[in-house]
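One file, work.cif, carrying mmCIF, C-alpha atoms and all ligand atoms:
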data_entry
#
loop_
_atom_site.group_PDB
_atom_site.id
_atom_site.type_symbol
_atom_site.label_atom_id
_atom_site.label_comp_id
_atom_site.auth_asym_id
_atom_site.auth_seq_id
_atom_site.Cartn_x
_atom_site.Cartn_y
_atom_site.Cartn_z
ATOM 1 C CA MET A 27 -6.862 0.553 -23.892
ATOM 2 C CA ASN A 28 -5.352 -1.785 -21.293
ATOM 3 C CA ALA A 29 -8.128 -3.709 -19.541
ATOM 4 C CA CYS A 30 -6.212 -3.798 -16.263
ATOM 5 C CA VAL A 31 -6.977 -0.758 -14.112
ATOM 6 C CA PHE A 32 -3.709 -1.062 -12.157
ATOM 7 C CA CYS A 33 -1.683 -1.180 -15.415
ATOM 8 C CA ARG A 34 -3.532 1.988 -16.448
ATOM 9 C CA ILE A 35 -2.555 3.604 -13.121
ATOM 10 C CA VAL A 36 1.104 2.611 -13.720
ATOM 11 C CA ALA A 37 0.932 4.100 -17.228
ATOM 12 C CA GLY A 38 -0.634 7.321 -15.900
ATOM 13 C CA GLU A 39 -3.798 6.621 -17.921
ATOM 14 C CA ALA A 40 -5.988 6.330 -14.815
ATOM 15 C CA PRO A 41 -5.845 8.622 -11.779
ATOM 16 C CA SER A 42 -4.353 7.570 -8.457
ATOM 17 C CA THR A 43 -2.848 9.154 -5.376
ATOM 18 C CA LYS A 44 0.695 7.756 -5.375
ATOM 19 C CA VAL A 45 2.739 7.580 -2.195
ATOM 20 C CA TYR A 46 5.808 5.739 -3.544
ATOM 21 C CA GLU A 47 7.302 4.731 -6.881
ATOM 22 C CA ASP A 48 10.545 3.204 -8.139
ATOM 23 C CA ASP A 49 11.599 1.350 -11.307
ATOM 24 C CA THR A 50 9.685 -1.825 -10.506
ATOM 25 C CA LEU A 51 6.920 -0.931 -8.014
ATOM 26 C CA CYS A 52 4.441 1.695 -7.116
ATOM 27 C CA ALA A 53 2.188 2.303 -4.127
ATOM 28 C CA PHE A 54 -0.992 4.378 -4.111
ATOM 29 C CA LEU A 55 -4.005 4.941 -1.895
ATOM 30 C CA ASP A 56 -6.856 2.486 -2.194
ATOM 31 C CA ILE A 57 -9.831 4.225 -3.817
ATOM 32 C CA ARG A 58 -12.175 2.621 -1.251
ATOM 33 C CA PRO A 59 -10.059 2.584 1.894
ATOM 34 C CA ILE A 60 -10.958 0.477 4.904
ATOM 35 C CA ALA A 61 -9.000 2.940 7.060
ATOM 36 C CA LYS A 62 -7.320 6.281 6.443
ATOM 37 C CA GLY A 63 -3.961 5.503 4.810
ATOM 38 C CA HIS A 64 -5.017 2.157 3.254
ATOM 39 C CA THR A 65 -2.396 1.721 0.536
ATOM 40 C CA LEU A 66 -1.811 -0.804 -2.255
ATOM 41 C CA VAL A 67 1.689 -1.850 -3.377
ATOM 42 C CA ILE A 68 1.867 -3.277 -6.900
ATOM 43 C CA PRO A 69 4.497 -4.438 -9.381
ATOM 44 C CA LYS A 70 4.671 -2.153 -12.419
ATOM 45 C CA GLN A 71 4.782 -5.161 -14.707
ATOM 46 C CA HIS A 72 1.419 -6.896 -14.975
ATOM 47 C CA ALA A 73 1.110 -10.165 -13.023
ATOM 48 C CA ALA A 74 -2.436 -11.328 -12.376
ATOM 49 C CA GLU A 75 -1.728 -13.666 -9.449
ATOM 50 C CA LEU A 76 1.221 -14.854 -7.336
ATOM 51 C CA GLY A 77 1.769 -17.717 -9.800
ATOM 52 C CA ASP A 78 2.583 -15.113 -12.479
ATOM 53 C CA LEU A 79 4.894 -13.058 -10.251
ATOM 54 C CA ASP A 80 8.681 -13.305 -10.067
ATOM 55 C CA ALA A 81 9.551 -14.328 -6.491
ATOM 56 C CA ASP A 82 12.219 -11.611 -6.097
ATOM 57 C CA LEU A 83 9.678 -9.023 -7.157
ATOM 58 C CA GLY A 84 7.298 -10.483 -4.581
ATOM 59 C CA ALA A 85 9.987 -9.955 -1.937
ATOM 60 C CA GLU A 86 10.398 -6.332 -3.107
ATOM 61 C CA ILE A 87 6.655 -5.795 -2.808
ATOM 62 C CA PHE A 88 6.761 -7.023 0.788
ATOM 63 C CA ARG A 89 9.854 -4.917 1.524
ATOM 64 C CA THR A 90 7.959 -1.828 0.352
ATOM 65 C CA GLY A 91 4.885 -2.834 2.357
ATOM 66 C CA HIS A 92 7.135 -3.236 5.400
ATOM 67 C CA ARG A 93 8.569 0.286 4.931
ATOM 68 C CA LEU A 94 5.104 1.744 4.399
ATOM 69 C CA ALA A 95 3.841 0.125 7.615
ATOM 70 C CA LEU A 96 6.781 1.664 9.531
ATOM 71 C CA ALA A 97 6.260 5.020 7.792
ATOM 72 C CA MET A 98 2.587 4.986 8.860
ATOM 73 C CA ARG A 99 3.622 4.388 12.473
ATOM 74 C CA GLY A 100 6.055 7.310 12.380
ATOM 75 C CA SER A 101 3.684 9.648 10.513
ATOM 76 C CA THR A 102 0.874 11.926 11.590
ATOM 77 C CA LEU A 103 -1.464 8.982 10.904
ATOM 78 C CA SER A 104 -0.098 7.762 14.262
ATOM 79 C CA ALA A 105 -0.599 4.107 13.415
ATOM 80 C CA ASP A 106 0.164 1.600 16.162
ATOM 81 C CA GLY A 107 0.290 -1.307 13.716
ATOM 82 C CA ALA A 108 -0.847 -2.446 10.285
ATOM 83 C CA ASN A 109 -2.545 -5.278 8.441
ATOM 84 C CA LEU A 110 -0.517 -6.410 5.411
ATOM 85 C CA VAL A 111 -2.800 -8.555 3.274
ATOM 86 C CA LEU A 112 -2.509 -10.083 -0.184
ATOM 87 C CA ASN A 113 -5.597 -11.753 -1.614
ATOM 88 C CA ASP A 114 -4.297 -14.246 -4.179
ATOM 89 C CA GLY A 115 -6.898 -15.488 -6.642
ATOM 90 C CA LYS A 116 -10.672 -15.286 -6.912
ATOM 91 C CA ALA A 117 -10.978 -17.992 -4.248
ATOM 92 C CA ALA A 118 -9.312 -15.550 -1.845
ATOM 93 C CA PHE A 119 -11.611 -12.671 -2.937
ATOM 94 C CA GLN A 120 -9.031 -11.014 -5.192
ATOM 95 C CA THR A 121 -11.121 -8.555 -7.212
ATOM 96 C CA VAL A 122 -8.422 -6.786 -9.266
ATOM 97 C CA ALA A 123 -6.380 -9.269 -11.308
ATOM 98 C CA HIS A 124 -3.034 -7.494 -10.850
ATOM 99 C CA VAL A 125 -1.077 -8.556 -7.749
ATOM 100 C CA HIS A 126 -1.380 -6.022 -4.916
ATOM 101 C CA LEU A 127 -0.405 -5.938 -1.265
ATOM 102 C CA HIS A 128 -2.782 -4.060 1.019
ATOM 103 C CA VAL A 129 -1.142 -2.054 3.811
ATOM 104 C CA ILE A 130 -3.843 -0.942 6.229
ATOM 105 C CA PRO A 131 -2.819 1.162 9.227
ATOM 106 C CA ARG A 132 -4.328 0.182 12.585
ATOM 107 C CA ARG A 133 -4.608 1.925 15.937
ATOM 108 C CA HIS A 134 -5.118 0.511 19.390
ATOM 109 C CA GLY A 135 -8.843 0.232 20.082
ATOM 110 C CA ASP A 136 -9.911 0.964 16.478
ATOM 111 C CA LEU A 137 -12.115 -2.126 16.147
ATOM 112 C CA PHE A 138 -15.370 -0.167 15.798
ATOM 113 C CA GLY A 139 -13.852 2.356 13.325
ATOM 114 C CA PHE A 140 -12.215 -0.479 11.396
ATOM 115 C CA ALA A 141 -15.487 -2.418 11.141
ATOM 116 C CA LYS A 142 -17.291 0.768 10.029
ATOM 117 C CA GLY A 143 -14.546 1.465 7.455
ATOM 118 C CA PHE A 144 -14.881 -2.097 6.179
ATOM 119 C CA LEU A 145 -18.566 -1.474 5.471
ATOM 120 C CA LEU A 146 -18.440 2.131 4.238
ATOM 121 C CA ARG A 147 -15.076 2.185 2.384
ATOM 122 C CA ARG A 148 -15.094 5.997 2.151
ATOM 123 C CA PRO A 149 -12.026 8.011 1.061
ATOM 124 C CA HIS A 150 -10.543 10.391 3.639
ATOM 125 C CA ASP A 151 -8.650 13.470 2.428
ATOM 126 C CA PRO A 152 -6.438 11.609 -0.110
ATOM 127 C CA ALA A 153 -3.980 14.500 -0.656
ATOM 128 C CA GLY A 154 -3.412 15.038 3.086
ATOM 129 C CA THR A 155 -3.171 11.290 3.714
ATOM 130 C CA ALA A 156 -0.595 10.814 0.943
ATOM 131 C CA ALA A 157 1.418 13.771 2.263
ATOM 132 C CA ALA A 158 1.451 12.177 5.741
ATOM 133 C CA ILE A 159 2.700 8.849 4.339
ATOM 134 C CA THR A 160 5.394 10.399 2.116
ATOM 135 C CA ALA A 161 6.588 12.462 5.096
ATOM 136 C CA GLY A 162 6.698 9.244 7.144
ATOM 137 C CA LEU A 163 8.800 7.580 4.408
ATOM 138 C CA ALA A 164 11.168 10.584 4.294
ATOM 139 C CA ALA A 165 11.557 10.427 8.090
ATOM 140 C CA LEU A 166 12.440 6.710 7.823
ATOM 141 C CA ASP A 167 15.057 7.509 5.136
ATOM 142 C CA GLY A 168 16.489 10.196 7.460
ATOM 143 C CA GLN A 169 16.733 7.692 10.323
ATOM 144 C CA SER A 170 18.582 5.140 8.177
ATOM 145 C CA SER A 171 21.068 7.749 6.858
ATOM 146 C CA ALA A 172 21.714 8.886 10.460
ATOM 147 C CA ARG A 173 22.336 5.226 11.439
ATOM 148 C CA ASP A 174 24.756 4.843 8.479
ATOM 149 C CA VAL A 175 26.747 7.908 9.636
ATOM 150 C CA GLU A 176 26.818 6.649 13.249
ATOM 151 C CA GLY A 177 27.978 3.221 12.032
ATOM 152 C CA LYS A 178 30.926 4.802 10.186
ATOM 153 C CA GLN A 179 32.091 6.828 13.240
HETATM 154 P P1 LIG B 1 -8.700 -7.129 -3.675
HETATM 155 O O1 LIG B 1 -10.042 -7.494 -3.159
HETATM 156 O O2 LIG B 1 -8.512 -7.501 -5.143
HETATM 157 O O3 LIG B 1 -7.587 -7.640 -2.807
HETATM 158 O O4 LIG B 1 -8.615 -5.557 -3.561
HETATM 159 C C1 LIG B 1 -8.684 -4.698 -4.634
HETATM 160 C C2 LIG B 1 -8.600 -3.296 -4.059
HETATM 161 O O5 LIG B 1 -8.379 -2.399 -5.135
HETATM 162 C C3 LIG B 1 -9.875 -2.846 -3.349
HETATM 163 O O6 LIG B 1 -9.563 -2.507 -2.006
HETATM 164 C C4 LIG B 1 -10.373 -1.669 -4.179
HETATM 165 O O7 LIG B 1 -10.941 -0.652 -3.401
HETATM 166 C C5 LIG B 1 -9.109 -1.214 -4.888
HETATM 167 N N1 LIG B 1 -9.340 -0.613 -6.196
HETATM 168 C C6 LIG B 1 -10.128 -1.104 -7.191
HETATM 169 N N2 LIG B 1 -10.072 -0.281 -8.272
HETATM 170 C C7 LIG B 1 -9.250 0.744 -7.928
HETATM 171 C C8 LIG B 1 -8.823 1.905 -8.635
HETATM 172 O O8 LIG B 1 -9.188 2.177 -9.780
HETATM 173 N N3 LIG B 1 -7.957 2.720 -7.976
HETATM 174 C C9 LIG B 1 -7.531 2.466 -6.708
HETATM 175 N N4 LIG B 1 -6.695 3.342 -6.158
HETATM 176 N N5 LIG B 1 -7.930 1.380 -6.015
HETATM 177 C C10 LIG B 1 -8.772 0.521 -6.622
HETATM 178 ZN ZN ZN B 2 -2.148 -5.003 -14.711
#
Render the structure in this file as C-alpha cells.
Ligand code: 5GP
Ligand code: ZN
Amino acid sequence: MNACVFCRIVAGEAPSTKVYEDDTLCAFLDIRPIAKGHTLVIPKQHAAELGDLDADLGAEIFRTGHRLALAMRGSTLSADGANLVLNDGKAAFQTVAHVHLHVIPRRHGDLFGFAKGFLLRRPHDPAGTAAAITAGLAALDGQSSARDVEGKQ
C-alpha cells in the first residue's frame, strides 16, 4: 500500500470529496476544513515538497487554485475572498508530505468564524459543499465561453 495518503486519494484507494480533476491535478475538500469549502489542490504525481515539484506543474496548481477561488466567489458559498496557502516543508508546518495548495474561502467579517474553524476543523456538508464549488466552476467556464463568442463577433 502507498504510504502517502494523497497518492492513495489520487489512485481511488482512499476516500475524498473531489471538486476538480484533470490529467495532472486533482482538487478535493480538506477532511478537517478551516472554513466551509476549504479545498486542497495537488499534483497527481507524488512530490513531497516544492523542491521535488516541476515548476510548470507548480504553475498549474496555482492556476487551478486561482480558478477555485473565483468559483467560490461566484458560487452559493458566496465567498468574498480566499486564502491560498502552501506550507512547504516541516519547518512551515507541512503535515502531509505531498505538495498541496490550500484554497480557503473567506467572507467579510468572518474573523470569529474563521478562528473557530481553525480550532474545531469540523466538516460541513461535504456533498453540498462540493456541489456548490463544481457549480461555481461550471459558471466560470460558461462565462469564458461567452467571452470567447463575444470576442469573435
Ligand atoms: P498541511 O499542514 O500539510 O499544509 O495540511 C495538510 C492538510 O491535509 C490538513 O488541512 C488536513 O486536514 C488535510 N488532510 C490530511 N489527511 C487528509 C485526508 O486523508 N483527506 C483529506 N481530504 N484531507 C486530509
Ligand atoms: Zn503522494
For chain A versus ligand ZN 2 (chain B), which residues have an atom no more than 7 Å away, and what is each residue's nearest atom pair and distance in Å rounded to one decimal, using all atoms listed in the file, chain-then-number order, as a tab-separated table?
residue	atom	partner	partner_atom	distance
A:Cys30	CA	B:ZN2	ZN	4.5
A:Val31	CA	B:ZN2	ZN	6.5
A:Phe32	CA	B:ZN2	ZN	4.9
A:Cys33	CA	B:ZN2	ZN	3.9
A:Gln71	CA	B:ZN2	ZN	6.9
A:His72	CA	B:ZN2	ZN	4.0
A:Ala73	CA	B:ZN2	ZN	6.3
A:Ala74	CA	B:ZN2	ZN	6.7
A:Ala123	CA	B:ZN2	ZN	6.9
A:His124	CA	B:ZN2	ZN	4.7
Residues of chain A at most 6 Å from ligand LIG 1 (chain B): nearest atom pair and distance in Å, only C-alpha atoms and all ligand atoms, as JSON lines:
{"residue": "A:Val31", "atom": "CA", "partner": "B:LIG1", "partner_atom": "O8", "distance": 5.7}
{"residue": "A:Ser42", "atom": "CA", "partner": "B:LIG1", "partner_atom": "N4", "distance": 5.4}
{"residue": "A:Leu55", "atom": "CA", "partner": "B:LIG1", "partner_atom": "N4", "distance": 5.3}
{"residue": "A:Asp56", "atom": "CA", "partner": "B:LIG1", "partner_atom": "N4", "distance": 4.1}
{"residue": "A:Ile57", "atom": "CA", "partner": "B:LIG1", "partner_atom": "N4", "distance": 4.0}
{"residue": "A:Arg58", "atom": "CA", "partner": "B:LIG1", "partner_atom": "O7", "distance": 4.1}
{"residue": "A:Asn113", "atom": "CA", "partner": "B:LIG1", "partner_atom": "O3", "distance": 4.7}
{"residue": "A:Phe119", "atom": "CA", "partner": "B:LIG1", "partner_atom": "O1", "distance": 5.4}
{"residue": "A:Gln120", "atom": "CA", "partner": "B:LIG1", "partner_atom": "O2", "distance": 3.6}
{"residue": "A:Thr121", "atom": "CA", "partner": "B:LIG1", "partner_atom": "O2", "distance": 3.5}
{"residue": "A:Val122", "atom": "CA", "partner": "B:LIG1", "partner_atom": "O2", "distance": 4.2}
**Message:** Give me the residues near Arg93 in chain A as JSON, numbers by chain, where near means some atom within 12 Å (using all atoms listed in the file) and where sequence neighbours in that chain fewer than 2 positions away do not count.
**Reply:** {"A": [45, 46, 53, 65, 67, 86, 87, 88, 89, 90, 91, 95, 96, 97, 98, 99, 100, 101, 108, 110, 129, 159, 160, 162, 163, 164, 165, 166, 167, 170]}
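Interatomic distance, CA of Pro41 in chain A against CA of Asp114 in chain A: 24.1 Å.
The coordinates place CA of Leu145 in chain A at 20.8 Å from CA of Leu103 in chain A.
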**Request:** For CA of Ala156 in chain A and CA of Asn109 in chain A, quote the distance in Å rounded to one decimal.
**Result:** 17.9 Å
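Of the listed residues A:Pro131, A:Gly77, A:Gly168, A:Gly38, the one whose atoms come nearest to Ile60 in chain A is A:Pro131, with distances taken using all atoms listed in the file.
If you measure from each of A:His128, A:His134, A:Arg147, A:Lys116 to His64 in chain A using all atoms listed in the file, the closest one turns out to be A:His128.
With all atoms listed in the file as the atoms that count, the residue of A:Ala153, A:Gly177, A:Lys62, A:Val36 with the shortest distance to Ser104 in chain A is A:Lys62.
Counting all atoms listed in the file and comparing A:Val175, A:Leu112, A:Ala105, A:Ala117, the residue that lies closest to Leu76 in chain A is A:Leu112.
Minimum atom-to-atom distance to Thr102 in chain A, evaluated using only C-alpha atoms, belongs to A:Gly63 out of A:Lys142, A:Met27, A:Gly63, A:Thr50.
Of the residues listed (A:Gly84, A:Leu94, A:Glu176, A:Thr43), A:Thr43 shows the shortest atom-to-atom separation from His150 in chain A; distances use only C-alpha atoms.
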Please rebuild range 115-128 of chain A with N, CA, C and O atoms and return the result as a short mmCIF file (atom, residue, chain, number, x, y, z; two decimals), in the coordinates of the input.
data_model
loop_
_atom_site.label_atom_id
_atom_site.label_comp_id
_atom_site.auth_asym_id
_atom_site.auth_seq_id
_atom_site.Cartn_x
_atom_site.Cartn_y
_atom_site.Cartn_z
N GLY A 115 -5.94 -14.67 -5.91
CA GLY A 115 -6.90 -15.49 -6.64
C GLY A 115 -8.34 -15.21 -6.24
O GLY A 115 -8.61 -14.72 -5.14
N LYS A 116 -9.24 -15.53 -7.17
CA LYS A 116 -10.67 -15.29 -6.91
C LYS A 116 -11.14 -16.01 -5.66
O LYS A 116 -11.98 -15.51 -4.92
N ALA A 117 -10.57 -17.21 -5.42
CA ALA A 117 -10.98 -17.99 -4.25
C ALA A 117 -10.69 -17.23 -2.96
O ALA A 117 -11.35 -17.46 -1.94
N ALA A 118 -9.69 -16.33 -3.03
CA ALA A 118 -9.31 -15.55 -1.84
C ALA A 118 -9.90 -14.14 -1.91
O ALA A 118 -9.42 -13.24 -1.22
N PHE A 119 -10.92 -13.96 -2.77
CA PHE A 119 -11.61 -12.67 -2.94
C PHE A 119 -10.73 -11.61 -3.58
O PHE A 119 -10.88 -10.43 -3.29
N GLN A 120 -9.77 -12.01 -4.41
CA GLN A 120 -9.03 -11.01 -5.19
C GLN A 120 -9.99 -10.46 -6.24
O GLN A 120 -10.58 -11.22 -7.02
N THR A 121 -10.17 -9.15 -6.26
CA THR A 121 -11.12 -8.56 -7.21
C THR A 121 -10.43 -7.84 -8.36
O THR A 121 -11.04 -7.63 -9.40
N VAL A 122 -9.18 -7.41 -8.17
CA VAL A 122 -8.42 -6.79 -9.27
C VAL A 122 -7.30 -7.76 -9.62
O VAL A 122 -6.46 -8.09 -8.77
N ALA A 123 -7.31 -8.21 -10.88
CA ALA A 123 -6.38 -9.27 -11.31
C ALA A 123 -5.01 -8.69 -11.69
O ALA A 123 -4.53 -8.82 -12.82
N HIS A 124 -4.41 -7.99 -10.75
CA HIS A 124 -3.03 -7.49 -10.85
C HIS A 124 -2.56 -7.53 -9.40
O HIS A 124 -3.15 -6.85 -8.54
N VAL A 125 -1.51 -8.32 -9.14
CA VAL A 125 -1.08 -8.56 -7.75
C VAL A 125 -0.96 -7.24 -6.97
O VAL A 125 -0.40 -6.26 -7.49
N HIS A 126 -1.49 -7.22 -5.75
CA HIS A 126 -1.38 -6.02 -4.92
C HIS A 126 -1.36 -6.43 -3.46
O HIS A 126 -2.09 -7.32 -3.04
N LEU A 127 -0.50 -5.74 -2.72
CA LEU A 127 -0.40 -5.94 -1.26
C LEU A 127 -1.11 -4.77 -0.59
O LEU A 127 -0.78 -3.61 -0.83
N HIS A 128 -2.10 -5.10 0.24
CA HIS A 128 -2.78 -4.06 1.02
C HIS A 128 -1.95 -3.75 2.26
O HIS A 128 -1.50 -4.68 2.95
#
